[in-house]
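Undergrad: There's a structure below that I have some questions on.
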Amino acid sequence: MADLLLTHGYFLFEDEKELEIMKPYPPLGLLYISAYLRRIGFSVDLFDTTFAKREDLVEKLQAESGGVVGLYTNLMTRRPVLDIIGLAKDNGWTVIVGGPESANYPDDYLRRGADVVVIGEGEATLSELLPALAERGPHGLHGVSGTVFQDEFGQILTNPERAQIADIDSIPWPDREQIDLQRYIDVWRDHHGMGSVNLITARGCPYKCRWCSHAVFGFTHRRRHYLDCVNEVEYIKETYKPDQVWYADDVFTIHRSWLLNFAAELKRRHLKLPFETISRADRMMRDEILETLAEMGCYRIWIGSESGSQRILDAMERGVTVEQVHWATKAAQRHGIQVGMFLMWGYEGEEIEDIEATIEHVKRCNPDIFFTTVAYPIMNTAYYKTVADRAVLSGDWAKSTDRDYRIQGRHSRQYYKYADQWLRNEVAAFRLESEDAAAAAQKRQAAQQAQSAMLGAAAEVEA
Ligand code: B12
Ligand code: SF4
């Protein structure tokens, strides 16, 4: 049996929404951990749940009982992860959990069966934790930095934080060979005509947007050397032959000279690959950046626009202006790059004028695509702390996620559904105006109806 079995709780075929989207990527964190531990001599088995059936994991946990299993947790997978923890415990496994969600709820995970919660980066902590578990057992982990555990009296003890790995180039590339990456590429190709592979060029984001979770990397930012990243792109291209890549960084254009060096080296090696990525408008404010992205093969950039109201952006401590988002959107489009925009309804203090401002902003920017969410407080974020006394979960914690918090006194979910319909119809009317006046008028009417319905629902607030 391997020293460690790594797995997660994301089962694509159980998620109707994800099945519609069909853009799966493997969890890079687990692949990084696997590569790191294997390089220093541990044996690691990785069971990728994405395309698996639950029964297959159950069978594995039953057949190989008594080992150590490490689970990646995020906000969406609480329920399946808790099921897996229960099952693993029933079959004699020692359970370690890591990732952003369990870092936010260590006590809850320990009380529901996990033996150890790893806070922050997993690589170095696991290299010390695995021998400690073998020698001292799950209740004797005193002094293993970066962990939370229960002593023999059931008391929860939090060890000191573990220092982050300063030189992230010392970490080997993700262990893609441990999973069936081809299946991801095939699914992408079958559904979108382009096979895609994800990679990251940095860890952590120094910005402090109040609703964003920094549970794993804190507010630090560490970049990989651009040459090492180019080597990885080259390796991915030669080995897996994808049609595109996705730079899954928090803010891909955060460092101008790094980006220019990276792009120049890609060009020198003729490594132009189409790609999508995410950034912030204020880190895109030069034509040179957009030109570079376009030359590299960027076909779509996602911008967290969030609101068209500067008042709300400031309340979010987003550090970006509405005008910057406008400029960056237009500049990207001028360079032939599509823009995807993320928008958020219902942030603290949002009034009808702010919703109106957001609708005007989206029309004015006219991004190629936009997604909306209703703000939800992720545990331990600044936003969570602001609304904590009004954040209620109506169901059992174990069956919910942080997305299920209701904020007492805030407008109802239905209110934001109307806001969304208002936005979508207004934008559709605006786009149709020059081509089809009748269709535009219809959309405008639908927008007005949605706006009225929203105003009608304004008095209904979350109890
Ligand atoms: C890329 C990404 C996505 C991608 C795909 C994920 C993928 N498979 O690649 C997409 C766009 C689909 C996505 C979607 C969502 N995401 Co997302 N995503 C990210 C992002 C930007 C990068 C993930 C990554 O590759 N990180 C790099 C690796 C190296 O870090 P890591 O995974 O954290 O792993 C390290 C540690 O956590 C730890 N570790 C990890 N696993 C384990 C296991 C064990 C046993 C141990 C000991 C340690 C350990 O060690 C690893 C190496 O050091 C992160 C932010 C970030 N920078 O991490 C957000 C993030 C993970 N996403 C987040 C959220 C909220 C979402 C959504 C809910 C958004 C939404 N509203 O729909 C959805 C949920 C999707 C789902 N069904 O699970 C939050 C999670 C917050 C939380 N508390 O769980 C994050 C942290 C963003 C944020 N700052 O708020 N996401
Ligand atoms: S939302 Fe983006 S820019 Fe803001 S803190 Fe999070 S990762 Fe950083």
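In the structure tokens, each chain is lettered A, B, ... as it comes, each chain's residues begin at 1, and ligands are numbered from 1 in order of appearance.
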Neighbours of ligand 1 at 7 Å or closer, counting only C-alpha atoms and all ligand atoms: which residues, as a count of residues only?

TA: 47

Undergrad: I'd like a table as a Markdown table: residues in chain A with an atom no more than 9 Å from ligand 2, each row giving the shortest atom pair and its distance in Å to one decimal, only C-alpha atoms and all ligand atoms counted, sorted by chain and rising residue number.

TA:
```
| residue | atom | partner | partner_atom_place_in_ligand_line | distance |
| --- | --- | --- | --- | --- |
| A:Gly204 | CA | ligand 2 | 7 (S) | 7.5 |
| A:Cys205 | CA | ligand 2 | 8 (Fe) | 4.7 |
| A:Pro206 | CA | ligand 2 | 8 (Fe) | 6.2 |
| A:Tyr207 | CA | ligand 2 | 5 (S) | 4.2 |
| A:Lys208 | CA | ligand 2 | 5 (S) | 4.5 |
| A:Cys209 | CA | ligand 2 | 4 (Fe) | 4.3 |
| A:Arg210 | CA | ligand 2 | 5 (S) | 7.3 |
| A:Trp211 | CA | ligand 2 | 1 (S) | 7.4 |
| A:Cys212 | CA | ligand 2 | 6 (Fe) | 4.6 |
| A:Ser213 | CA | ligand 2 | 6 (Fe) | 6.7 |
| A:His214 | CA | ligand 2 | 6 (Fe) | 7.4 |
| A:Phe219 | CA | ligand 2 | 5 (S) | 8.0 |
| A:Asp249 | CA | ligand 2 | 7 (S) | 8.3 |
| A:Asp250 | CA | ligand 2 | 7 (S) | 4.6 |
| A:Val251 | CA | ligand 2 | 3 (S) | 6.2 |
| A:Ile278 | CA | ligand 2 | 2 (Fe) | 8.4 |
| A:Ser279 | CA | ligand 2 | 2 (Fe) | 7.4 |
| A:Arg280 | CA | ligand 2 | 3 (S) | 6.2 |
| A:Gly304 | CA | ligand 2 | 1 (S) | 7.0 |
| A:Glu317 | CA | ligand 2 | 4 (Fe) | 8.6 |
| A:Arg318 | CA | ligand 2 | 4 (Fe) | 6.3 |
| A:Gly319 | CA | ligand 2 | 4 (Fe) | 8.4 |
```

Undergrad: Export N, CA, C and O atoms of the chosen residues as a short mmCIF file (atom, residue, chain, number, x, y, z; two decimals), in the first residue's frame?

TA:
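Writing done, so here's again23.cif:
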```cif
data_model
loop_
_atom_site.label_atom_id
_atom_site.label_comp_id
_atom_site.auth_asym_id
_atom_site.auth_seq_id
_atom_site.Cartn_x
_atom_site.Cartn_y
_atom_site.Cartn_z
N GLY A 204 -0.77 32.65 -4.79
CA GLY A 204 -1.23 33.68 -3.86
C GLY A 204 -1.49 35.03 -4.52
O GLY A 204 -0.91 35.34 -5.56
N CYS A 205 -2.38 35.79 -3.91
CA CYS A 205 -2.73 37.10 -4.43
C CYS A 205 -2.64 38.11 -3.29
O CYS A 205 -3.20 37.90 -2.21
N PRO A 206 -1.94 39.23 -3.52
CA PRO A 206 -1.75 40.21 -2.44
C PRO A 206 -2.93 41.16 -2.26
O PRO A 206 -2.93 41.95 -1.30
N TYR A 207 -3.90 41.14 -3.15
CA TYR A 207 -5.02 42.08 -3.03
C TYR A 207 -5.98 41.63 -1.92
O TYR A 207 -5.92 40.48 -1.48
N LYS A 208 -6.87 42.57 -1.53
CA LYS A 208 -7.68 42.28 -0.34
C LYS A 208 -9.16 42.44 -0.58
O LYS A 208 -9.89 42.93 0.28
N CYS A 209 -9.64 42.04 -1.76
CA CYS A 209 -11.08 42.11 -2.03
C CYS A 209 -11.79 41.38 -0.89
O CYS A 209 -11.44 40.23 -0.57
N ARG A 210 -12.75 42.04 -0.28
CA ARG A 210 -13.25 41.59 1.02
C ARG A 210 -13.95 40.24 1.01
O ARG A 210 -14.03 39.57 2.03
N TRP A 211 -14.47 39.83 -0.15
CA TRP A 211 -15.22 38.57 -0.20
C TRP A 211 -14.38 37.39 -0.64
O TRP A 211 -14.84 36.27 -0.72
N CYS A 212 -13.11 37.64 -0.92
CA CYS A 212 -12.28 36.59 -1.53
C CYS A 212 -11.53 35.80 -0.46
O CYS A 212 -10.99 36.36 0.48
N SER A 213 -11.48 34.49 -0.64
CA SER A 213 -10.85 33.62 0.36
C SER A 213 -9.34 33.53 0.18
O SER A 213 -8.86 33.24 -0.93
N HIS A 214 -8.60 33.77 1.25
CA HIS A 214 -7.13 33.66 1.20
C HIS A 214 -6.67 32.57 2.16
O HIS A 214 -5.60 32.65 2.75
N PHE A 219 -1.93 36.43 2.03
CA PHE A 219 -1.89 37.58 1.12
C PHE A 219 -0.52 37.71 0.46
O PHE A 219 -0.14 38.76 0.00
N ASP A 249 -4.07 31.18 -12.77
CA ASP A 249 -3.58 32.12 -11.75
C ASP A 249 -4.72 32.99 -11.24
O ASP A 249 -5.71 33.18 -11.91
N ASP A 250 -4.51 33.60 -10.08
CA ASP A 250 -5.49 34.55 -9.57
C ASP A 250 -5.51 35.82 -10.43
O ASP A 250 -6.56 36.35 -10.75
N VAL A 251 -4.33 36.34 -10.72
CA VAL A 251 -4.22 37.59 -11.50
C VAL A 251 -3.06 37.41 -12.48
O VAL A 251 -1.91 37.71 -12.18
N ILE A 278 -7.56 34.78 -16.12
CA ILE A 278 -8.28 35.78 -15.33
C ILE A 278 -7.32 36.89 -14.92
O ILE A 278 -6.15 36.61 -14.61
N SER A 279 -7.81 38.13 -14.89
CA SER A 279 -6.97 39.19 -14.34
C SER A 279 -7.81 40.30 -13.73
O SER A 279 -9.02 40.16 -13.61
N ARG A 280 -7.13 41.35 -13.34
CA ARG A 280 -7.80 42.55 -12.80
C ARG A 280 -7.59 43.67 -13.79
O ARG A 280 -6.50 43.82 -14.35
N GLY A 304 -12.76 40.42 -13.19
CA GLY A 304 -13.70 40.56 -12.07
C GLY A 304 -14.18 42.00 -12.04
O GLY A 304 -13.52 42.87 -11.49
N GLU A 317 -13.53 46.96 -1.31
CA GLU A 317 -12.08 47.17 -1.29
C GLU A 317 -11.42 46.48 -2.47
O GLU A 317 -10.39 45.81 -2.36
N ARG A 318 -12.06 46.64 -3.59
CA ARG A 318 -11.60 45.97 -4.80
C ARG A 318 -10.34 46.61 -5.36
O ARG A 318 -9.55 45.96 -6.04
N GLY A 319 -10.18 47.92 -5.12
CA GLY A 319 -8.96 48.59 -5.60
C GLY A 319 -8.96 48.80 -7.11
O GLY A 319 -7.88 48.92 -7.72
#
```

Undergrad: From a DSSP pass on the backbone, collect the residues of segment 7-64 of chain A flagged as strand (DSSP E) and hand them back as a list in words.

TA: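 Selection result, strand (DSSP E) within segment 7-64 of chain A: Thr7, His8, Val44, Asp45, Leu46 and Phe47 of chain A.
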
Undergrad: Quick one: residues within 7 Å of segment 46-63 of chain A, only C-alpha atoms counted, chain neighbours fewer than 2 positions away excluded, as number ranges by chain?

TA: A: 5-13, 44, 65, 88, 91, 178-179

Undergrad: Write out as a list of chain:residue names the residues lying within 12 Å of Arg224 of chain A, counting only C-alpha atoms and excluding same-chain residues fewer than 5 positions away.

TA: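 Those residues are A:Ile165, A:Ala166, A:Asp167, A:Ile168, A:Asp169, A:Ser170, A:Ile171, A:Pro172, A:Trp173, A:Leu199, A:Ile200, A:Thr201, A:Ala202, A:Arg203, A:Gly204, A:Cys229, A:Val230, A:Asn231, A:Glu232, A:Asp249, A:His255, A:Trp258, A:Leu259, A:Phe262.
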
Undergrad: For a quick check of understanding, using only C-alpha atoms, which of A:Gly195, A:Gly218, A:Gly92, A:Pro138 has the smallest distance to Asn380 of chain A?

TA: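 Result for the nearest residue to Asn380 of chain A: A:Gly218.
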
Undergrad: Please return as number ranges by chain: the residues of segment 6-206 of chain A that backbone DSSP assigns to alpha helix (DSSP H).

TA: A: 16-21, 28-39, 54-63, 78-90, 100-104, 106-111, 123-136, 181-192

Undergrad: Nearest to Ile185 of chain A: which of A:Arg286, A:Asp228, A:Met22, A:Phe342 is it, counting only C-alpha atoms?

TA: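 Selected residue with least distance to Ile185 of chain A: A:Met22.
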
Undergrad: Counting only C-alpha atoms, what is within 12 Å of Asp282 of chain A, bar same-chain residues fewer than 5 positions away, as a ChimeraX atom specification?

TA: /A:207,251-256,289,303-305,318-329

Undergrad: Take the selection from the previous step and output its residues with N, CA, C and O atoms, as a PDB file, in the first residue's frame.

TA:
```pdb
ATOM      1  N   TYR A 207      -3.903  41.139  -3.155  1.00  0.00           N
ATOM      2  CA  TYR A 207      -5.022  42.083  -3.029  1.00  0.00           C
ATOM      3  C   TYR A 207      -5.975  41.633  -1.921  1.00  0.00           C
ATOM      4  O   TYR A 207      -5.919  40.483  -1.479  1.00  0.00           O
ATOM      5  N   VAL A 251      -4.327  36.340 -10.721  1.00  0.00           N
ATOM      6  CA  VAL A 251      -4.216  37.593 -11.497  1.00  0.00           C
ATOM      7  C   VAL A 251      -3.060  37.405 -12.482  1.00  0.00           C
ATOM      8  O   VAL A 251      -1.909  37.709 -12.176  1.00  0.00           O
ATOM      9  N   PHE A 252      -3.371  36.933 -13.680  1.00  0.00           N
ATOM     10  CA  PHE A 252      -2.299  36.506 -14.586  1.00  0.00           C
ATOM     11  C   PHE A 252      -1.377  37.651 -14.998  1.00  0.00           C
ATOM     12  O   PHE A 252      -0.186  37.457 -15.185  1.00  0.00           O
ATOM     13  N   THR A 253      -1.924  38.883 -15.137  1.00  0.00           N
ATOM     14  CA  THR A 253      -1.076  39.985 -15.621  1.00  0.00           C
ATOM     15  C   THR A 253      -0.551  40.858 -14.476  1.00  0.00           C
ATOM     16  O   THR A 253      -0.265  42.036 -14.672  1.00  0.00           O
ATOM     17  N   ILE A 254      -0.426  40.263 -13.304  1.00  0.00           N
ATOM     18  CA  ILE A 254      -0.072  41.071 -12.125  1.00  0.00           C
ATOM     19  C   ILE A 254       1.334  41.688 -12.239  1.00  0.00           C
ATOM     20  O   ILE A 254       1.596  42.748 -11.708  1.00  0.00           O
ATOM     21  N   HIS A 255       2.227  41.009 -12.963  1.00  0.00           N
ATOM     22  CA  HIS A 255       3.623  41.445 -12.991  1.00  0.00           C
ATOM     23  C   HIS A 255       4.033  41.700 -14.438  1.00  0.00           C
ATOM     24  O   HIS A 255       4.266  40.776 -15.200  1.00  0.00           O
ATOM     25  N   ARG A 256       4.158  42.977 -14.769  1.00  0.00           N
ATOM     26  CA  ARG A 256       4.358  43.353 -16.167  1.00  0.00           C
ATOM     27  C   ARG A 256       5.647  42.765 -16.770  1.00  0.00           C
ATOM     28  O   ARG A 256       5.624  42.126 -17.814  1.00  0.00           O
ATOM     29  N   ILE A 289       0.304  45.433 -22.696  1.00  0.00           N
ATOM     30  CA  ILE A 289      -0.086  44.179 -22.019  1.00  0.00           C
ATOM     31  C   ILE A 289      -1.073  43.412 -22.904  1.00  0.00           C
ATOM     32  O   ILE A 289      -0.929  42.208 -23.115  1.00  0.00           O
ATOM     33  N   ILE A 303     -12.438  39.227 -16.430  1.00  0.00           N
ATOM     34  CA  ILE A 303     -12.170  40.353 -15.531  1.00  0.00           C
ATOM     35  C   ILE A 303     -13.217  40.343 -14.425  1.00  0.00           C
ATOM     36  O   ILE A 303     -14.412  40.250 -14.698  1.00  0.00           O
ATOM     37  N   GLY A 304     -12.758  40.425 -13.187  1.00  0.00           N
ATOM     38  CA  GLY A 304     -13.702  40.562 -12.069  1.00  0.00           C
ATOM     39  C   GLY A 304     -14.181  42.002 -12.041  1.00  0.00           C
ATOM     40  O   GLY A 304     -13.524  42.867 -11.488  1.00  0.00           O
ATOM     41  N   SER A 305     -15.317  42.244 -12.652  1.00  0.00           N
ATOM     42  CA  SER A 305     -15.833  43.615 -12.719  1.00  0.00           C
ATOM     43  C   SER A 305     -16.698  43.901 -11.492  1.00  0.00           C
ATOM     44  O   SER A 305     -16.694  44.996 -10.944  1.00  0.00           O
ATOM     45  N   ARG A 318     -12.059  46.639  -3.588  1.00  0.00           N
ATOM     46  CA  ARG A 318     -11.603  45.969  -4.801  1.00  0.00           C
ATOM     47  C   ARG A 318     -10.338  46.614  -5.363  1.00  0.00           C
ATOM     48  O   ARG A 318      -9.552  45.960  -6.045  1.00  0.00           O
ATOM     49  N   GLY A 319     -10.182  47.922  -5.120  1.00  0.00           N
ATOM     50  CA  GLY A 319      -8.964  48.592  -5.604  1.00  0.00           C
ATOM     51  C   GLY A 319      -8.956  48.803  -7.107  1.00  0.00           C
ATOM     52  O   GLY A 319      -7.880  48.918  -7.716  1.00  0.00           O
ATOM     53  N   VAL A 320     -10.122  48.824  -7.708  1.00  0.00           N
ATOM     54  CA  VAL A 320     -10.244  48.994  -9.165  1.00  0.00           C
ATOM     55  C   VAL A 320     -11.351  50.021  -9.400  1.00  0.00           C
ATOM     56  O   VAL A 320     -12.299  50.087  -8.626  1.00  0.00           O
ATOM     57  N   THR A 321     -11.217  50.811 -10.482  1.00  0.00           N
ATOM     58  CA  THR A 321     -12.304  51.757 -10.776  1.00  0.00           C
ATOM     59  C   THR A 321     -13.166  51.217 -11.923  1.00  0.00           C
ATOM     60  O   THR A 321     -12.708  50.403 -12.732  1.00  0.00           O
ATOM     61  N   VAL A 322     -14.397  51.727 -11.954  1.00  0.00           N
ATOM     62  CA  VAL A 322     -15.308  51.353 -13.036  1.00  0.00           C
ATOM     63  C   VAL A 322     -14.680  51.751 -14.375  1.00  0.00           C
ATOM     64  O   VAL A 322     -14.747  51.003 -15.362  1.00  0.00           O
ATOM     65  N   GLU A 323     -14.015  52.903 -14.387  1.00  0.00           N
ATOM     66  CA  GLU A 323     -13.396  53.377 -15.634  1.00  0.00           C
ATOM     67  C   GLU A 323     -12.267  52.446 -16.089  1.00  0.00           C
ATOM     68  O   GLU A 323     -12.086  52.217 -17.284  1.00  0.00           O
ATOM     69  N   GLN A 324     -11.527  51.910 -15.135  1.00  0.00           N
ATOM     70  CA  GLN A 324     -10.453  50.968 -15.515  1.00  0.00           C
ATOM     71  C   GLN A 324     -11.045  49.727 -16.171  1.00  0.00           C
ATOM     72  O   GLN A 324     -10.513  49.204 -17.147  1.00  0.00           O
ATOM     73  N   VAL A 325     -12.153  49.250 -15.617  1.00  0.00           N
ATOM     74  CA  VAL A 325     -12.787  48.052 -16.199  1.00  0.00           C
ATOM     75  C   VAL A 325     -13.254  48.367 -17.619  1.00  0.00           C
ATOM     76  O   VAL A 325     -13.061  47.571 -18.551  1.00  0.00           O
ATOM     77  N   HIS A 326     -13.811  49.559 -17.789  1.00  0.00           N
ATOM     78  CA  HIS A 326     -14.271  49.958 -19.117  1.00  0.00           C
ATOM     79  C   HIS A 326     -13.096  50.005 -20.090  1.00  0.00           C
ATOM     80  O   HIS A 326     -13.126  49.419 -21.173  1.00  0.00           O
ATOM     81  N   TRP A 327     -12.034  50.668 -19.664  1.00  0.00           N
ATOM     82  CA  TRP A 327     -10.875  50.812 -20.553  1.00  0.00           C
ATOM     83  C   TRP A 327     -10.287  49.427 -20.902  1.00  0.00           C
ATOM     84  O   TRP A 327     -10.023  49.132 -22.066  1.00  0.00           O
ATOM     85  N   ALA A 328     -10.122  48.608 -19.864  1.00  0.00           N
ATOM     86  CA  ALA A 328      -9.486  47.296 -20.082  1.00  0.00           C
ATOM     87  C   ALA A 328     -10.348  46.433 -21.013  1.00  0.00           C
ATOM     88  O   ALA A 328      -9.817  45.707 -21.869  1.00  0.00           O
ATOM     89  N   THR A 329     -11.668  46.514 -20.850  1.00  0.00           N
ATOM     90  CA  THR A 329     -12.547  45.709 -21.701  1.00  0.00           C
ATOM     91  C   THR A 329     -12.410  46.140 -23.157  1.00  0.00           C
ATOM     92  O   THR A 329     -12.224  45.312 -24.060  1.00  0.00           O
TER      93      THR A 329
END
```

Undergrad: Please measure the separation of atom CA of Tyr415 of chain A and atom CA of Trp397 of chain A, giving the value in Å to one decimal.

TA: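 Interatomic distance, atom CA of Tyr415 of chain A to atom CA of Trp397 of chain A: 25.1 Å.
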
Undergrad: Quote the spacing between atom CA of Leu129 of chain A and atom CA of Gln155 of chain A in Å to one decimal place.

TA: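 A separation of 18.8 Å between them.
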
Undergrad: With only C-alpha atoms as the counted atoms, please give the residues lying no more than 12 Å from Ile21 of chain A, apart from itself and same-chain residues fewer than 4 positions off, as a PyMOL selection string.

TA: chain A and resi 12-13+15-17+25+187-188+191-192

Undergrad: Near Ala428 of chain A, within 12 Å and counting only C-alpha atoms, which residues show up once chain neighbours fewer than 3 positions away are dropped, as a list in words?

TA: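 Everything that qualifies: Ile359, Val362, Lys363, Asn366, Pro367, Asp368, Ile369, Gln421, Trp422, Leu423, Arg424, Asn425, Arg431, Leu432, Glu433, Ser434, Glu435, Asp436, Ala437, Ala439, Ala440, Ala441, Gln442, Lys443, Arg444, Gln445, Ala446 and Ala447 of chain A.
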
Undergrad: Taking only C-alpha atoms into account, name the residue in A:Met284, A:Val81, A:Leu157, A:Leu4 that is nearest to Ser127 of chain A.

TA: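 Closest candidate: A:Leu4.
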
Undergrad: One decimal, in Å: what's the spacing between atom CA of Tyr347 of chain A and atom CA of Arg413 of chain A?

TA: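 Computing it gives 12.7 Å between the two atoms.
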